[in-house]
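Structure file structure32.csv; described as CSV, C-alpha atoms.
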```
chain,number,residue,atom,x,y,z
A,35,MET,CA,-44.0,-67.3,38.2
A,36,THR,CA,-46.6,-70.0,38.4
A,37,HIS,CA,-48.3,-70.9,35.1
A,38,SER,CA,-52.1,-71.0,35.2
A,39,LYS,CA,-53.7,-74.3,34.5
A,40,ALA,CA,-55.2,-74.9,31.1
A,41,LEU,CA,-58.0,-76.8,29.5
A,42,LEU,CA,-58.3,-78.9,26.4
A,43,LEU,CA,-62.0,-79.3,25.3
A,44,VAL,CA,-62.9,-81.6,22.4
A,45,SER,CA,-66.4,-82.2,21.0
A,46,MET,CA,-67.6,-84.6,18.3
A,47,GLU,CA,-70.4,-86.8,17.0
A,48,PRO,CA,-70.1,-90.4,15.8
A,49,PRO,CA,-71.9,-91.3,12.6
A,50,ALA,CA,-75.1,-93.4,12.8
A,51,GLY,CA,-74.2,-97.1,13.3
A,52,MET,CA,-70.8,-96.3,15.0
A,53,GLU,CA,-71.9,-95.0,18.4
A,54,ALA,CA,-71.1,-98.2,20.3
A,55,GLU,CA,-67.6,-98.4,18.8
A,56,PHE,CA,-67.1,-94.7,19.4
A,57,ASN,CA,-67.9,-95.1,23.1
A,58,ASP,CA,-65.7,-98.2,23.4
A,59,TRP,CA,-62.8,-96.4,21.8
A,60,TYR,CA,-63.2,-93.3,24.0
A,61,ASP,CA,-63.7,-95.2,27.2
A,62,THR,CA,-61.1,-98.0,26.7
A,63,GLU,CA,-58.3,-96.3,24.6
A,64,HIS,CA,-58.5,-92.6,24.1
A,65,LEU,CA,-59.5,-91.2,27.5
A,66,PRO,CA,-57.2,-93.5,29.5
A,67,GLU,CA,-54.3,-92.8,27.2
A,68,ARG,CA,-54.8,-89.0,27.6
A,69,ALA,CA,-55.3,-89.3,31.4
A,70,GLY,CA,-51.9,-91.1,31.6
A,71,LEU,CA,-49.9,-88.3,29.9
A,72,PRO,CA,-47.7,-86.0,32.0
A,73,GLY,CA,-49.5,-82.8,32.6
A,74,PHE,CA,-53.0,-84.1,32.0
A,75,GLU,CA,-54.6,-83.8,35.4
A,76,THR,CA,-58.2,-84.8,34.6
A,77,ALA,CA,-60.0,-86.5,31.7
A,78,LEU,CA,-63.7,-86.3,31.8
A,79,ARG,CA,-66.5,-87.1,29.2
A,80,TYR,CA,-69.9,-85.5,29.0
A,81,VAL,CA,-73.0,-86.2,26.8
A,82,CYS,CA,-75.0,-83.2,25.6
A,83,VAL,CA,-78.6,-83.4,26.6
A,84,ALA,CA,-79.7,-80.8,24.1
A,85,GLY,CA,-77.7,-79.7,21.1
A,86,TRP,CA,-75.0,-81.0,18.8
A,87,PRO,CA,-72.4,-82.5,18.8
A,88,ARG,CA,-73.4,-84.8,21.6
A,89,TYR,CA,-70.0,-85.8,23.1
A,90,LEU,CA,-67.6,-83.6,24.9
A,91,ALA,CA,-64.3,-84.4,26.6
A,92,LEU,CA,-62.5,-82.0,29.0
A,93,TYR,CA,-58.9,-82.4,30.0
A,94,ASP,CA,-57.4,-80.2,32.7
A,95,LEU,CA,-53.8,-79.5,32.0
A,96,SER,CA,-51.0,-78.4,34.4
A,97,ASN,CA,-50.3,-75.7,31.8
A,98,ILE,CA,-50.9,-75.1,28.1
A,99,GLU,CA,-47.4,-76.0,27.1
A,100,VAL,CA,-48.2,-79.7,27.8
A,101,LEU,CA,-49.7,-79.8,24.3
A,102,ASP,CA,-46.3,-79.0,22.8
A,103,ASP,CA,-44.4,-81.6,24.9
A,104,LYS,CA,-43.1,-84.9,23.4
A,105,PRO,CA,-45.4,-87.3,25.3
A,106,TYR,CA,-48.5,-85.6,23.9
A,107,GLN,CA,-47.0,-85.2,20.4
A,108,ASP,CA,-46.1,-88.9,20.4
A,109,VAL,CA,-49.8,-89.9,20.6
A,110,SER,CA,-51.3,-87.2,18.5
A,111,GLY,CA,-52.0,-86.4,14.8
A,112,GLU,CA,-50.1,-88.7,12.5
A,113,ARG,CA,-49.1,-90.8,15.5
A,114,PHE,CA,-52.7,-91.7,16.5
A,115,SER,CA,-53.3,-95.4,17.0
A,116,PRO,CA,-55.0,-97.3,14.2
A,117,TRP,CA,-58.2,-97.4,16.1
A,118,SER,CA,-58.0,-93.6,16.8
A,119,LYS,CA,-57.5,-92.9,13.1
A,120,ARG,CA,-60.4,-95.2,12.2
A,121,VAL,CA,-62.8,-93.4,14.6
A,122,LEU,CA,-61.6,-89.9,14.1
A,123,ASN,CA,-61.8,-90.1,10.4
A,124,ARG,CA,-65.5,-90.8,10.7
A,125,VAL,CA,-66.7,-88.4,13.4
A,126,ARG,CA,-68.6,-85.2,12.5
A,127,GLY,CA,-68.7,-81.8,14.2
A,128,GLN,CA,-65.3,-82.2,15.7
A,129,SER,CA,-64.1,-79.1,17.5
A,130,ARG,CA,-61.0,-78.7,19.6
A,131,MET,CA,-60.1,-75.8,21.9
A,132,ALA,CA,-57.2,-75.2,24.2
A,133,ALA,CA,-57.0,-72.3,26.6
A,134,GLN,CA,-55.3,-70.9,29.6
A,135,GLN,CA,-57.3,-70.5,32.8
A,136,VAL,CA,-58.0,-66.9,33.6
A,137,TYR,CA,-60.1,-67.5,36.8
A,138,PRO,CA,-59.3,-68.8,39.3
A,139,ARG,CA,-56.0,-69.9,37.6
A,140,GLN,CA,-55.3,-73.1,39.5
A,141,ALA,CA,-58.6,-75.0,39.7
A,142,ILE,CA,-59.3,-78.4,38.1
A,143,THR,CA,-62.7,-79.6,36.9
A,144,GLN,CA,-64.9,-81.1,39.6
A,145,ARG,CA,-66.9,-84.1,38.6
A,146,ALA,CA,-70.5,-82.8,38.1
A,147,PRO,CA,-73.7,-84.0,36.6
A,148,ARG,CA,-74.0,-80.9,34.4
A,149,LEU,CA,-71.8,-78.5,32.7
A,150,LEU,CA,-72.6,-75.0,31.3
A,151,LEU,CA,-70.2,-73.7,28.7
A,152,LEU,CA,-70.2,-70.1,27.6
A,153,ARG,CA,-67.9,-68.9,24.8
A,154,PHE,CA,-66.6,-65.3,24.6
A,155,VAL,CA,-64.0,-64.5,21.9
A,156,GLY,CA,-61.7,-61.5,21.5
A,157,LEU,CA,-61.9,-60.1,25.0
A,158,THR,CA,-59.3,-57.6,26.2
A,159,LEU,CA,-57.7,-57.9,29.6
A,160,GLN,CA,-60.2,-55.4,31.0
A,161,HIS,CA,-63.1,-57.2,29.4
A,162,GLU,CA,-61.8,-60.5,31.0
A,163,ALA,CA,-61.8,-58.8,34.5
A,164,ASP,CA,-65.3,-57.4,33.9
A,165,LEU,CA,-66.5,-60.8,32.7
A,166,VAL,CA,-65.1,-62.6,35.8
A,167,SER,CA,-66.7,-60.1,38.1
A,168,THR,CA,-70.0,-60.3,36.4
A,169,LEU,CA,-70.0,-64.1,36.3
A,170,ARG,CA,-69.0,-64.4,39.9
A,171,SER,CA,-71.9,-62.1,40.9
A,172,ALA,CA,-74.3,-64.1,38.7
A,173,PHE,CA,-73.3,-67.6,39.8
A,174,SER,CA,-71.5,-67.5,43.2
A,175,ASN,CA,-74.7,-67.8,45.3
A,176,ARG,CA,-76.8,-69.8,42.8
A,177,ALA,CA,-78.0,-73.2,44.0
A,178,GLY,CA,-76.4,-76.1,42.3
A,179,VAL,CA,-73.4,-74.2,41.0
A,180,GLN,CA,-70.3,-76.2,42.1
A,181,GLN,CA,-67.6,-74.3,40.3
A,182,LEU,CA,-66.9,-71.3,38.1
A,183,ARG,CA,-63.9,-71.1,35.8
A,184,VAL,CA,-63.0,-68.7,33.0
A,185,TYR,CA,-60.6,-69.5,30.2
```

Write-out of the structure in structure tokens:
Amino acid sequence: MTHSKALLLVSMEPPAGMEAEFNDWYDTEHLPERAGLPGFETALRYVCVAGWPRYLALYDLSNIEVLDDKPYQDVSGERFSPWSKRVLNRVRGQSRMAAQQVYPRQAITQRAPRLLLLRFVGLTLQHEADLVSTLRSAFSNRAGVQQLRVY
């Protein structure tokens, strides 16, 4: 059986006066470190144009079990670098979500100028199928939509 791909989504906001260091840390240490881990297939950052927190990172994973593997565990939590600990102890609005891809199961994130995220919680398998069908109908022929994925 082929495992479906997964996604790790992390959002956060640096405090006032720390934005330059936050972006340096994310661009020169954190994102490249994650991108080099086995099972991490993409590592992309986005800036929210309306809303909070302003920063979002998306990581496509070969499967959700990657987050339990030793290479990831060796650079996470108590094993964060000193710079990661400094930055992460100061950010606000931090949210982390990991999920398996429901549709289309094997896609990875295409680089795009915009990203729309919709969150649905507690769906049954039948609701997932109905949601995929509804979203495909709503977005498949819409101008500017490059990709639809459901987690």

Query raised in the report: Hey, what's within 8 Å of stretch 80-95 of chain A if we count all atoms listed in the file and toss same-chain stuff fewer than 3 positions away? As a PyMOL selection string, please?
Result: chain A and resi 39-47+69+73-77+98+100+126-128+142-143

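Restricting the calculation to all atoms listed in the file, the smallest distance between A:Gln144 and any of A:Asn175, A:Gln107, A:Gln180, A:Ser118 is found for A:Gln180.
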
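The coordinates place atom CA of A:Arg183 at 6.2 Å from atom CA of A:Pro138.
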
Requested in this report: Would you please work out which residue, of A:Thr158, A:Gln140, A:Asn57, A:Gln134, is nearest to A:Glu99 when using only C-alpha atoms?
Outcome: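 Residue with the minimum atom-to-atom distance to A:Glu99: A:Gln134.
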
Query raised in the report: How many Å lie between atom CA of A:Ser110 and atom CA of A:Tyr185, rounded to one decimal?
Result: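 Going from atom CA of A:Ser110 over to atom CA of A:Tyr185, I get 23.2 Å.
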
Would you please take stretch 130-145 of chain A of the structure in the block above and write N, CA and C atoms to a file as a compact mmCIF listing (two decimals), in the first residue's frame?
```txt
# COMPACT_ATOMS: atom_id res chain seq x y z
N ARG A 130 0.82 24.76 14.84
CA ARG A 130 1.46 23.69 14.09
C ARG A 130 0.41 22.63 13.80
N MET A 131 0.32 22.22 12.54
CA MET A 131 -0.64 21.20 12.15
C MET A 131 0.03 20.22 11.20
N ALA A 132 -0.14 18.95 11.45
CA ALA A 132 0.34 17.91 10.54
C ALA A 132 -0.87 17.08 10.13
N ALA A 133 -0.94 16.74 8.83
CA ALA A 133 -2.10 15.99 8.35
C ALA A 133 -1.74 15.17 7.12
N GLN A 134 -2.47 14.07 6.96
CA GLN A 134 -2.32 13.25 5.77
C GLN A 134 -3.13 13.83 4.63
N GLN A 135 -2.63 13.69 3.42
CA GLN A 135 -3.32 14.20 2.25
C GLN A 135 -4.46 13.25 1.88
N VAL A 136 -5.67 13.79 1.78
CA VAL A 136 -6.85 13.02 1.41
C VAL A 136 -7.03 13.05 -0.11
N TYR A 137 -6.83 14.23 -0.69
CA TYR A 137 -6.99 14.39 -2.13
C TYR A 137 -5.91 15.31 -2.65
N PRO A 138 -5.22 14.97 -3.69
CA PRO A 138 -5.26 13.76 -4.51
C PRO A 138 -4.32 12.66 -4.01
N ARG A 139 -3.85 12.73 -2.82
CA ARG A 139 -3.03 11.74 -2.11
C ARG A 139 -1.53 11.85 -2.39
N GLN A 140 -1.11 12.21 -3.59
CA GLN A 140 0.33 12.18 -3.90
C GLN A 140 0.87 13.51 -4.43
N ALA A 141 0.13 14.59 -4.38
CA ALA A 141 0.58 15.88 -4.91
C ALA A 141 1.51 16.57 -3.92
N ILE A 142 2.37 17.43 -4.46
CA ILE A 142 3.17 18.30 -3.61
C ILE A 142 2.83 19.74 -3.97
N THR A 143 3.12 20.65 -3.05
CA THR A 143 2.75 22.04 -3.22
C THR A 143 3.49 22.67 -4.39
N GLN A 144 2.75 23.27 -5.26
CA GLN A 144 3.34 24.03 -6.36
C GLN A 144 3.59 25.44 -5.85
N ARG A 145 4.72 26.00 -6.26
CA ARG A 145 5.01 27.37 -5.87
C ARG A 145 3.95 28.27 -6.50
```
